[in-house]
$ cat run.txt   # compact mmCIF, C-alpha atoms
# COMPACT_ATOMS: atom_id res chain seq x y z
CA MET D 1 161.65 -160.22 -160.97
CA SER D 2 164.06 -157.47 -160.20
CA LYS D 3 164.62 -154.60 -162.53
CA PRO D 4 167.69 -154.58 -164.82
CA VAL D 5 170.92 -153.01 -163.54
CA ASN D 6 173.17 -150.84 -165.65
CA LEU D 7 176.66 -152.19 -164.95
CA ASN D 8 178.34 -149.28 -166.73
CA GLN D 9 177.11 -146.92 -164.01
CA TYR D 10 178.57 -149.12 -161.28
CA ARG D 11 181.87 -149.47 -163.14
CA LYS D 12 182.19 -145.72 -163.66
CA GLN D 13 181.23 -144.94 -160.06
CA LYS D 14 183.86 -147.38 -158.77
CA ALA D 15 186.48 -145.81 -161.04
CA ARG D 16 185.57 -142.34 -159.70
CA THR D 17 185.88 -143.40 -156.06
CA ASP D 18 189.19 -145.18 -156.73
CA LYS D 19 190.57 -142.12 -158.47
CA ARG D 20 189.39 -139.82 -155.67
CA SER D 21 190.97 -141.99 -152.97
CA ARG D 22 194.25 -142.16 -154.90
CA ALA D 23 194.22 -138.36 -155.24
CA ASP D 24 193.66 -137.97 -151.50
CA GLU D 25 196.59 -140.28 -150.75
CA ASN D 26 198.85 -138.30 -153.10
CA ALA D 27 197.77 -135.02 -151.53
CA ILE D 28 198.80 -136.33 -148.13
CA ARG D 29 202.04 -137.82 -149.40
CA PHE D 30 203.27 -135.02 -151.69
CA GLY D 31 201.28 -131.96 -150.74
CA ARG D 32 202.89 -129.15 -148.79
CA THR D 33 201.23 -126.26 -147.06
CA LYS D 34 201.66 -122.71 -148.24
CA ASP D 35 203.70 -121.91 -145.12
CA GLU D 36 206.13 -124.74 -145.86
CA LYS D 37 206.60 -123.51 -149.42
CA ASN D 38 207.18 -119.93 -148.23
CA LEU D 39 209.69 -121.10 -145.62
CA ASP D 40 211.67 -123.06 -148.24
CA ARG D 41 211.61 -120.07 -150.58
CA ALA D 42 212.83 -117.74 -147.81
CA ARG D 43 215.66 -120.13 -146.88
CA ALA D 44 216.76 -120.38 -150.52
CA ASP D 45 216.73 -116.58 -150.86
CA LYS D 46 218.83 -116.19 -147.71
CA ALA D 47 221.32 -118.80 -148.89
CA ARG D 48 221.61 -117.00 -152.23
CA ARG D 49 222.14 -113.63 -150.51
CA ASP D 50 224.78 -115.11 -148.19
CA LEU D 51 226.62 -116.66 -151.13
CA ASP D 52 226.51 -113.40 -153.09
CA GLY D 53 227.93 -111.59 -150.05
CA HIS D 54 230.94 -113.91 -149.99
CA LYS D 55 231.86 -113.47 -153.65
CA ALA D 56 235.15 -111.73 -154.33
CA GLU D 57 235.06 -108.47 -156.23
CA GLU D 58 237.23 -108.32 -159.33
$ encode --input "run.txt" --output "structure tokens"
Amino acid sequence: MSKPVNLNQYRKQKARTDKRSRADENAIRFGRTKDEKNLDRARADKARRDLDGHKAEE
């Protein structure tokens, strides 16, 4: 006879691996590098400065 198997352990382990793989997929899909974030921030700052430079003085 084989020894008894705890199915709760298998269920929880499967849930952990599914969650980890889903997190990895989301990191690839939505994650951005620090350089990309800094570049977007710098572009937004430049656009704001350019717009402020074009405002008419009252």
$ atom_distance --input "run.txt" --atom1 "atom CA of D:Asp18" --atom2 "atom CA of D:Ser2"
28.2 Å
$ axis_aligned_box --input "run.txt" --around "stretch 26-31 of chain D" --padding-each-side "3 Å" --output "JSON"
{"center_x": 200.5, "center_y": -135.1, "center_z": -150.6, "size_x": 11.5, "size_y": 12.3, "size_z": 11.0}
$ atom_distance --input "run.txt" --atom1 "atom CA of D:Gln13" --atom2 "atom CA of D:Gly31"
25.6 Å
$ atom_distance --input "run.txt" --atom1 "atom CA of D:Arg22" --atom2 "atom CA of D:Lys34"
21.9 Å
$ decode --input "run.txt" --residues "chain D" --atoms "C-alpha atoms" --output "PDB file, in the first residue's frame"
ATOM      1  CA  MET D   1       0.000   0.000   0.000  1.00  0.00           C
ATOM      2  CA  SER D   2       1.108   3.499  -0.670  1.00  0.00           C
ATOM      3  CA  LYS D   3       1.127   6.137   1.974  1.00  0.00           C
ATOM      4  CA  PRO D   4      -1.721   8.695   2.133  1.00  0.00           C
ATOM      5  CA  VAL D   5      -1.375  11.940   0.163  1.00  0.00           C
ATOM      6  CA  ASN D   6      -2.418  15.315   1.489  1.00  0.00           C
ATOM      7  CA  LEU D   7      -4.366  16.867  -1.384  1.00  0.00           C
ATOM      8  CA  ASN D   8      -4.476  20.282   0.297  1.00  0.00           C
ATOM      9  CA  GLN D   9      -0.712  20.607  -0.140  1.00  0.00           C
ATOM     10  CA  TYR D  10      -0.966  19.839  -3.862  1.00  0.00           C
ATOM     11  CA  ARG D  11      -3.863  22.260  -4.295  1.00  0.00           C
ATOM     12  CA  LYS D  12      -2.031  25.075  -2.517  1.00  0.00           C
ATOM     13  CA  GLN D  13       1.202  24.427  -4.418  1.00  0.00           C
ATOM     14  CA  LYS D  14      -0.656  24.543  -7.738  1.00  0.00           C
ATOM     15  CA  ALA D  15      -2.330  27.810  -6.724  1.00  0.00           C
ATOM     16  CA  ARG D  16       1.091  29.297  -5.842  1.00  0.00           C
ATOM     17  CA  THR D  17       2.639  28.333  -9.173  1.00  0.00           C
ATOM     18  CA  ASP D  18      -0.380  29.651 -11.104  1.00  0.00           C
ATOM     19  CA  LYS D  19      -0.232  32.936  -9.241  1.00  0.00           C
ATOM     20  CA  ARG D  20       3.518  33.244  -9.794  1.00  0.00           C
ATOM     21  CA  SER D  21       3.213  32.594 -13.534  1.00  0.00           C
ATOM     22  CA  ARG D  22       0.386  35.134 -13.831  1.00  0.00           C
ATOM     23  CA  ALA D  23       2.524  37.698 -11.996  1.00  0.00           C
ATOM     24  CA  ASP D  24       5.429  37.065 -14.358  1.00  0.00           C
ATOM     25  CA  GLU D  25       3.168  37.560 -17.377  1.00  0.00           C
ATOM     26  CA  ASN D  26       1.858  40.840 -15.957  1.00  0.00           C
ATOM     27  CA  ALA D  27       5.382  42.044 -15.224  1.00  0.00           C
ATOM     28  CA  ILE D  28       6.297  41.476 -18.856  1.00  0.00           C
ATOM     29  CA  ARG D  29       3.107  43.018 -20.178  1.00  0.00           C
ATOM     30  CA  PHE D  30       2.804  46.090 -17.928  1.00  0.00           C
ATOM     31  CA  GLY D  31       6.200  46.560 -16.356  1.00  0.00           C
ATOM     32  CA  ARG D  32       8.464  49.356 -17.493  1.00  0.00           C
ATOM     33  CA  THR D  33      12.113  49.853 -16.754  1.00  0.00           C
ATOM     34  CA  LYS D  34      13.350  52.705 -14.624  1.00  0.00           C
ATOM     35  CA  ASP D  35      14.941  54.322 -17.684  1.00  0.00           C
ATOM     36  CA  GLU D  36      11.618  54.299 -19.539  1.00  0.00           C
ATOM     37  CA  LYS D  37       9.872  55.932 -16.588  1.00  0.00           C
ATOM     38  CA  ASN D  38      12.587  58.596 -16.308  1.00  0.00           C
ATOM     39  CA  LEU D  39      12.416  59.310 -20.045  1.00  0.00           C
ATOM     40  CA  ASP D  40       8.631  59.788 -19.900  1.00  0.00           C
ATOM     41  CA  ARG D  41       8.991  62.056 -16.872  1.00  0.00           C
ATOM     42  CA  ALA D  42      11.665  64.145 -18.624  1.00  0.00           C
ATOM     43  CA  ARG D  43       9.514  64.483 -21.762  1.00  0.00           C
ATOM     44  CA  ALA D  44       6.519  65.598 -19.689  1.00  0.00           C
ATOM     45  CA  ASP D  45       8.659  68.168 -17.848  1.00  0.00           C
ATOM     46  CA  LYS D  46       9.987  69.553 -21.138  1.00  0.00           C
ATOM     47  CA  ALA D  47       6.492  69.782 -22.602  1.00  0.00           C
ATOM     48  CA  ARG D  48       5.312  71.632 -19.490  1.00  0.00           C
ATOM     49  CA  ARG D  49       8.265  74.053 -19.674  1.00  0.00           C
ATOM     50  CA  ASP D  50       7.665  74.686 -23.383  1.00  0.00           C
ATOM     51  CA  LEU D  51       3.979  75.378 -22.757  1.00  0.00           C
ATOM     52  CA  ASP D  52       4.778  77.736 -19.876  1.00  0.00           C
ATOM     53  CA  GLY D  53       7.217  79.588 -22.141  1.00  0.00           C
ATOM     54  CA  HIS D  54       4.467  80.222 -24.694  1.00  0.00           C
ATOM     55  CA  LYS D  55       1.963  81.673 -22.230  1.00  0.00           C
ATOM     56  CA  ALA D  56       1.113  85.335 -22.682  1.00  0.00           C
ATOM     57  CA  GLU D  57       1.944  87.698 -19.856  1.00  0.00           C
ATOM     58  CA  GLU D  58      -0.946  89.789 -18.577  1.00  0.00           C
TER      59      GLU D  58
END
